[in-house]
Amino acid sequence: MLKQRILTALVMISLLVWALFAWPQWAFALFLGTFILIGAWEWTALCGLQKLPERLLYLALVAMAGGFLIVTPSWTLPLMAIAVLWWLWIFIELVAYPDVRRGFLASRPGKLLSGFVLLLPTWIAPLVLRAQPQGEWLTLFLLLIVWAADTGAYFAGHRWGNTKLAPRISPGKTWEGVAGGLAAVLVLVLAAGAYRLPQPKLLVAWVALALVTAFVSVLGDLFESRVKRAAGVKDSGVLFPGHGGVLDRIDAFTAAAPLFTLVWLCWQAPAGAP
């Protein structure tokens with residue numbers, strides 16, 4: 001299983017990095033949009049929608065909203081702010097309602113609305129970051145934060161995991177895994193910062209942003225696990241061998257991307273990205 005996961009991950013990462021650095025913006029937008037719409041299709045199943053017309057309508061609404069946001073950049077900052085506030089609400093409900101079937105976000109309207117707030121920023125954030133100076137590297141840096149956090153958590157959790165993070169939502173996740181993910185991100189950002197950021201104060205700011213982004217990414221993983229557990233399924237789909245569906249691959253990114261992008265847009269990193 002691990003070998004299959006690694007091979008699938010290498011193929012996915014190679015394709016994504018190629019699209020990020022080699023494709024024009026419109027093609028990159030369509031590339032991301034394709035996966036977002038597949039993720040929206042998976043989300044409708046997790047929300048309990050069964051009729052084809054209502055599932056297709058949901059996809060059409062996501063596609064239209066995404067297209068509107070792409071051609072209307074002035075909505076980017078409000079979208080990211082709304083998403084960050086929504087994730088704060090998700091955090092509150094995860095703490096307040098360990099039972100996966102309680103809380104507004106466990107209801108069908110709550111989950112359907114959450115799909116928009118999760119999927120649209122995940123589509124728009126990489127496009128916004130890519131359009132910035134050195135945007136391809138900035139976007140890659142965000143992706144590396146999420147990948148490093150996920151990989152570090154996976155191996156640290158398997159090696160040292162003992163203290164459960166949220167046993168009623170995702171029994172396999174541990175605080176030791178979270179610590180391992182943060183340690184991996186710290187190594188990543190220090191290595192990148194030592195290469196690109198000569199000013200110590202700027203490096204400290206990037207370390208703080210990277211660690212907060214990595215920690216928040218755990219919320220994305222937990223929330224999707226909560227929704228899947230409520231739906232009685234292990235994976236959101238079967239598109240990626242050994243990895244499940246699109247939502248299983250972007251769950252952490254859905255939480256990390258809006259926060260990172262919002263901070264970047266407010267900060268405008270005067271010295272550039274690592």
# chains A, B, ... in the order shown; residues from 1 in each chain; ligands from 1

$ closest_atom_pairs --of "stretch 38-123 of chain A" --to "stretch 244-257 of chain A" --cutoff "7 Å" --atoms "only C-alpha atoms" --output "JSON lines"
{"residue": "A:Ile38", "atom": "CA", "partner": "A:Val246", "partner_atom": "CA", "distance": 6.8}
{"residue": "A:Gly39", "atom": "CA", "partner": "A:Val246", "partner_atom": "CA", "distance": 5.3}
{"residue": "A:Trp87", "atom": "CA", "partner": "A:Ala255", "partner_atom": "CA", "distance": 6.8}
{"residue": "A:Leu118", "atom": "CA", "partner": "A:Thr254", "partner_atom": "CA", "distance": 5.5}
{"residue": "A:Leu119", "atom": "CA", "partner": "A:Thr254", "partner_atom": "CA", "distance": 6.8}
{"residue": "A:Thr122", "atom": "CA", "partner": "A:Thr254", "partner_atom": "CA", "distance": 5.3}

$ write_last_selection --atoms "all heavy atoms" --output "PDB file, in the first residue's frame"
ATOM      1  N   ILE A  38     -14.490  17.661  -9.686  1.00  0.00           N
ATOM      2  CA  ILE A  38     -14.518  16.255  -9.253  1.00  0.00           C
ATOM      3  C   ILE A  38     -14.702  16.199  -7.739  1.00  0.00           C
ATOM      4  O   ILE A  38     -15.473  15.389  -7.205  1.00  0.00           O
ATOM      5  CB  ILE A  38     -13.232  15.519  -9.674  1.00  0.00           C
ATOM      6  CG1 ILE A  38     -13.129  15.448 -11.197  1.00  0.00           C
ATOM      7  CG2 ILE A  38     -13.206  14.115  -9.079  1.00  0.00           C
ATOM      8  CD1 ILE A  38     -11.820  14.887 -11.702  1.00  0.00           C
ATOM      9  N   GLY A  39     -13.991  17.097  -7.032  1.00  0.00           N
ATOM     10  CA  GLY A  39     -14.150  17.167  -5.589  1.00  0.00           C
ATOM     11  C   GLY A  39     -15.557  17.561  -5.193  1.00  0.00           C
ATOM     12  O   GLY A  39     -16.115  17.048  -4.208  1.00  0.00           O
ATOM     13  N   TRP A  87     -13.497  28.539   8.702  1.00  0.00           N
ATOM     14  CA  TRP A  87     -12.662  27.511   9.336  1.00  0.00           C
ATOM     15  C   TRP A  87     -12.598  27.708  10.842  1.00  0.00           C
ATOM     16  O   TRP A  87     -12.462  26.734  11.595  1.00  0.00           O
ATOM     17  CB  TRP A  87     -11.262  27.503   8.725  1.00  0.00           C
ATOM     18  CG  TRP A  87     -11.234  26.737   7.437  1.00  0.00           C
ATOM     19  CD1 TRP A  87     -11.117  27.229   6.178  1.00  0.00           C
ATOM     20  CD2 TRP A  87     -11.370  25.325   7.293  1.00  0.00           C
ATOM     21  NE1 TRP A  87     -11.179  26.214   5.255  1.00  0.00           N
ATOM     22  CE2 TRP A  87     -11.323  25.035   5.913  1.00  0.00           C
ATOM     23  CE3 TRP A  87     -11.523  24.275   8.189  1.00  0.00           C
ATOM     24  CZ2 TRP A  87     -11.424  23.743   5.418  1.00  0.00           C
ATOM     25  CZ3 TRP A  87     -11.622  22.974   7.702  1.00  0.00           C
ATOM     26  CH2 TRP A  87     -11.574  22.713   6.335  1.00  0.00           C
ATOM     27  N   LEU A 118     -15.165  25.683   1.099  1.00  0.00           N
ATOM     28  CA  LEU A 118     -13.941  24.885   1.041  1.00  0.00           C
ATOM     29  C   LEU A 118     -13.351  24.848  -0.370  1.00  0.00           C
ATOM     30  O   LEU A 118     -12.144  25.041  -0.562  1.00  0.00           O
ATOM     31  CB  LEU A 118     -14.212  23.461   1.515  1.00  0.00           C
ATOM     32  CG  LEU A 118     -14.047  23.166   3.011  1.00  0.00           C
ATOM     33  CD1 LEU A 118     -15.008  23.996   3.848  1.00  0.00           C
ATOM     34  CD2 LEU A 118     -14.274  21.675   3.271  1.00  0.00           C
ATOM     35  N   LEU A 119     -14.212  24.588  -1.356  1.00  0.00           N
ATOM     36  CA  LEU A 119     -13.719  24.319  -2.701  1.00  0.00           C
ATOM     37  C   LEU A 119     -13.323  25.578  -3.468  1.00  0.00           C
ATOM     38  O   LEU A 119     -12.314  25.580  -4.188  1.00  0.00           O
ATOM     39  CB  LEU A 119     -14.779  23.544  -3.495  1.00  0.00           C
ATOM     40  CG  LEU A 119     -15.063  22.122  -2.987  1.00  0.00           C
ATOM     41  CD1 LEU A 119     -16.305  21.555  -3.658  1.00  0.00           C
ATOM     42  CD2 LEU A 119     -13.868  21.223  -3.227  1.00  0.00           C
ATOM     43  N   THR A 122      -9.948  26.999  -2.533  1.00  0.00           N
ATOM     44  CA  THR A 122      -8.927  26.041  -2.959  1.00  0.00           C
ATOM     45  C   THR A 122      -8.631  26.181  -4.443  1.00  0.00           C
ATOM     46  O   THR A 122      -7.495  25.957  -4.893  1.00  0.00           O
ATOM     47  CB  THR A 122      -9.402  24.606  -2.646  1.00  0.00           C
ATOM     48  OG1 THR A 122      -9.678  24.504  -1.246  1.00  0.00           O
ATOM     49  CG2 THR A 122      -8.349  23.586  -3.021  1.00  0.00           C
TER      50      THR A 122
END

$ residues_around --residues "A:Cys266" --least-positions-apart "3" --cutoff "12 Å" --atoms "only C-alpha atoms" --output "list in words"
Thr76, Leu77, Pro78, Met80, Ala81, Leu259, Phe260, Thr261, Leu262, Val263, Ala269 and Pro270 of chain A

$ write_last_selection --atoms "N, CA, C and O atoms" --output "PDB file, in the first residue's frame"
ATOM      1  N   THR A  76     -11.393  38.490  -4.292  1.00  0.00           N
ATOM      2  CA  THR A  76     -10.451  37.520  -3.743  1.00  0.00           C
ATOM      3  C   THR A  76     -10.244  37.702  -2.240  1.00  0.00           C
ATOM      4  O   THR A  76     -10.339  36.748  -1.463  1.00  0.00           O
ATOM      5  N   LEU A  77      -9.963  38.938  -1.822  1.00  0.00           N
ATOM      6  CA  LEU A  77      -9.695  39.183  -0.402  1.00  0.00           C
ATOM      7  C   LEU A  77     -10.910  38.855   0.466  1.00  0.00           C
ATOM      8  O   LEU A  77     -10.775  38.148   1.479  1.00  0.00           O
ATOM      9  N   PRO A  78     -12.129  39.319   0.105  1.00  0.00           N
ATOM     10  CA  PRO A  78     -13.301  38.924   0.906  1.00  0.00           C
ATOM     11  C   PRO A  78     -13.516  37.414   0.945  1.00  0.00           C
ATOM     12  O   PRO A  78     -13.897  36.865   1.984  1.00  0.00           O
ATOM     13  N   MET A  80     -11.247  35.002   0.780  1.00  0.00           N
ATOM     14  CA  MET A  80     -10.290  34.380   1.688  1.00  0.00           C
ATOM     15  C   MET A  80     -10.631  34.694   3.143  1.00  0.00           C
ATOM     16  O   MET A  80     -10.500  33.832   4.027  1.00  0.00           O
ATOM     17  N   ALA A  81     -11.089  35.913   3.405  1.00  0.00           N
ATOM     18  CA  ALA A  81     -11.467  36.278   4.771  1.00  0.00           C
ATOM     19  C   ALA A  81     -12.667  35.460   5.242  1.00  0.00           C
ATOM     20  O   ALA A  81     -12.694  34.970   6.383  1.00  0.00           O
ATOM     21  N   LEU A 259      -5.951  30.794   4.440  1.00  0.00           N
ATOM     22  CA  LEU A 259      -5.198  31.517   5.470  1.00  0.00           C
ATOM     23  C   LEU A 259      -3.898  32.061   4.911  1.00  0.00           C
ATOM     24  O   LEU A 259      -3.575  33.246   5.084  1.00  0.00           O
ATOM     25  N   PHE A 260      -3.134  31.217   4.232  1.00  0.00           N
ATOM     26  CA  PHE A 260      -1.860  31.637   3.659  1.00  0.00           C
ATOM     27  C   PHE A 260      -2.071  32.773   2.665  1.00  0.00           C
ATOM     28  O   PHE A 260      -1.338  33.781   2.687  1.00  0.00           O
ATOM     29  N   THR A 261      -3.062  32.646   1.815  1.00  0.00           N
ATOM     30  CA  THR A 261      -3.321  33.659   0.790  1.00  0.00           C
ATOM     31  C   THR A 261      -3.790  34.966   1.411  1.00  0.00           C
ATOM     32  O   THR A 261      -3.384  36.050   0.978  1.00  0.00           O
ATOM     33  N   LEU A 262      -4.645  34.883   2.418  1.00  0.00           N
ATOM     34  CA  LEU A 262      -5.128  36.095   3.090  1.00  0.00           C
ATOM     35  C   LEU A 262      -3.970  36.849   3.729  1.00  0.00           C
ATOM     36  O   LEU A 262      -3.853  38.075   3.584  1.00  0.00           O
ATOM     37  N   VAL A 263      -3.102  36.132   4.424  1.00  0.00           N
ATOM     38  CA  VAL A 263      -1.941  36.782   5.056  1.00  0.00           C
ATOM     39  C   VAL A 263      -1.039  37.388   3.998  1.00  0.00           C
ATOM     40  O   VAL A 263      -0.556  38.522   4.144  1.00  0.00           O
ATOM     41  N   ALA A 269       4.508  40.577   1.395  1.00  0.00           N
ATOM     42  CA  ALA A 269       5.911  40.153   1.577  1.00  0.00           C
ATOM     43  C   ALA A 269       6.908  41.010   0.837  1.00  0.00           C
ATOM     44  O   ALA A 269       7.340  40.680  -0.254  1.00  0.00           O
ATOM     45  N   PRO A 270       7.363  42.118   1.396  1.00  0.00           N
ATOM     46  CA  PRO A 270       8.223  43.048   0.690  1.00  0.00           C
ATOM     47  C   PRO A 270       9.531  42.487   0.201  1.00  0.00           C
ATOM     48  O   PRO A 270      10.087  42.935  -0.788  1.00  0.00           O
TER      49      PRO A 270
END

$ select_by_dssp --residues "stretch 97-170 of chain A" --states "alpha helix (DSSP H)" --output "PyMOL selection string"
chain A and resi 108-130+135-160

$ closest_atom_pairs --of "stretch 122-174 of chain A" --to "stretch 62-68 of chain A" --cutoff "12 Å" --atoms "only C-alpha atoms" --output "CSV"
residue,atom,partner,partner_atom,distance
A:Thr122,CA,A:Gly66,CA,10.1
A:Trp123,CA,A:Gly66,CA,7.3
A:Ile124,CA,A:Gly66,CA,7.4
A:Ala125,CA,A:Gly66,CA,11.1
A:Leu127,CA,A:Gly66,CA,11.2

$ write_last_selection --atoms "N, CA and C atoms" --output "PDB file, in the first residue's frame"
ATOM      1  N   THR A 122      -9.948  26.999  -2.533  1.00  0.00           N
ATOM      2  CA  THR A 122      -8.927  26.041  -2.959  1.00  0.00           C
ATOM      3  C   THR A 122      -8.631  26.181  -4.443  1.00  0.00           C
ATOM      4  N   TRP A 123      -9.624  26.570  -5.209  1.00  0.00           N
ATOM      5  CA  TRP A 123      -9.459  26.809  -6.641  1.00  0.00           C
ATOM      6  C   TRP A 123      -8.796  28.169  -6.894  1.00  0.00           C
ATOM      7  N   ILE A 124      -9.237  29.189  -6.200  1.00  0.00           N
ATOM      8  CA  ILE A 124      -8.809  30.553  -6.485  1.00  0.00           C
ATOM      9  C   ILE A 124      -7.440  30.882  -5.895  1.00  0.00           C
ATOM     10  N   ALA A 125      -7.151  30.386  -4.698  1.00  0.00           N
ATOM     11  CA  ALA A 125      -5.908  30.759  -4.014  1.00  0.00           C
ATOM     12  C   ALA A 125      -4.649  30.487  -4.845  1.00  0.00           C
ATOM     13  N   LEU A 127      -4.320  30.364  -8.019  1.00  0.00           N
ATOM     14  CA  LEU A 127      -4.305  31.280  -9.167  1.00  0.00           C
ATOM     15  C   LEU A 127      -3.867  32.674  -8.741  1.00  0.00           C
TER      16      LEU A 127
END

$ closest_residue --among "A:Ala230, A:Val218, A:Ala153, A:Leu138" --to "A:Ile90" --atoms "only C-alpha atoms"
A:Val218

$ residues_around --residues "A:Gly157" --least-positions-apart "6" --cutoff "8 Å" --atoms "only C-alpha atoms" --output "list of chain:residue names"
A:Lys173, A:Thr174, A:Trp175, A:Glu176, A:Gly177, A:Val178, A:Gly180

$ atom_distance --atom1 "atom CA of A:Thr213" --atom2 "atom CA of A:Glu93"
19.7 Å
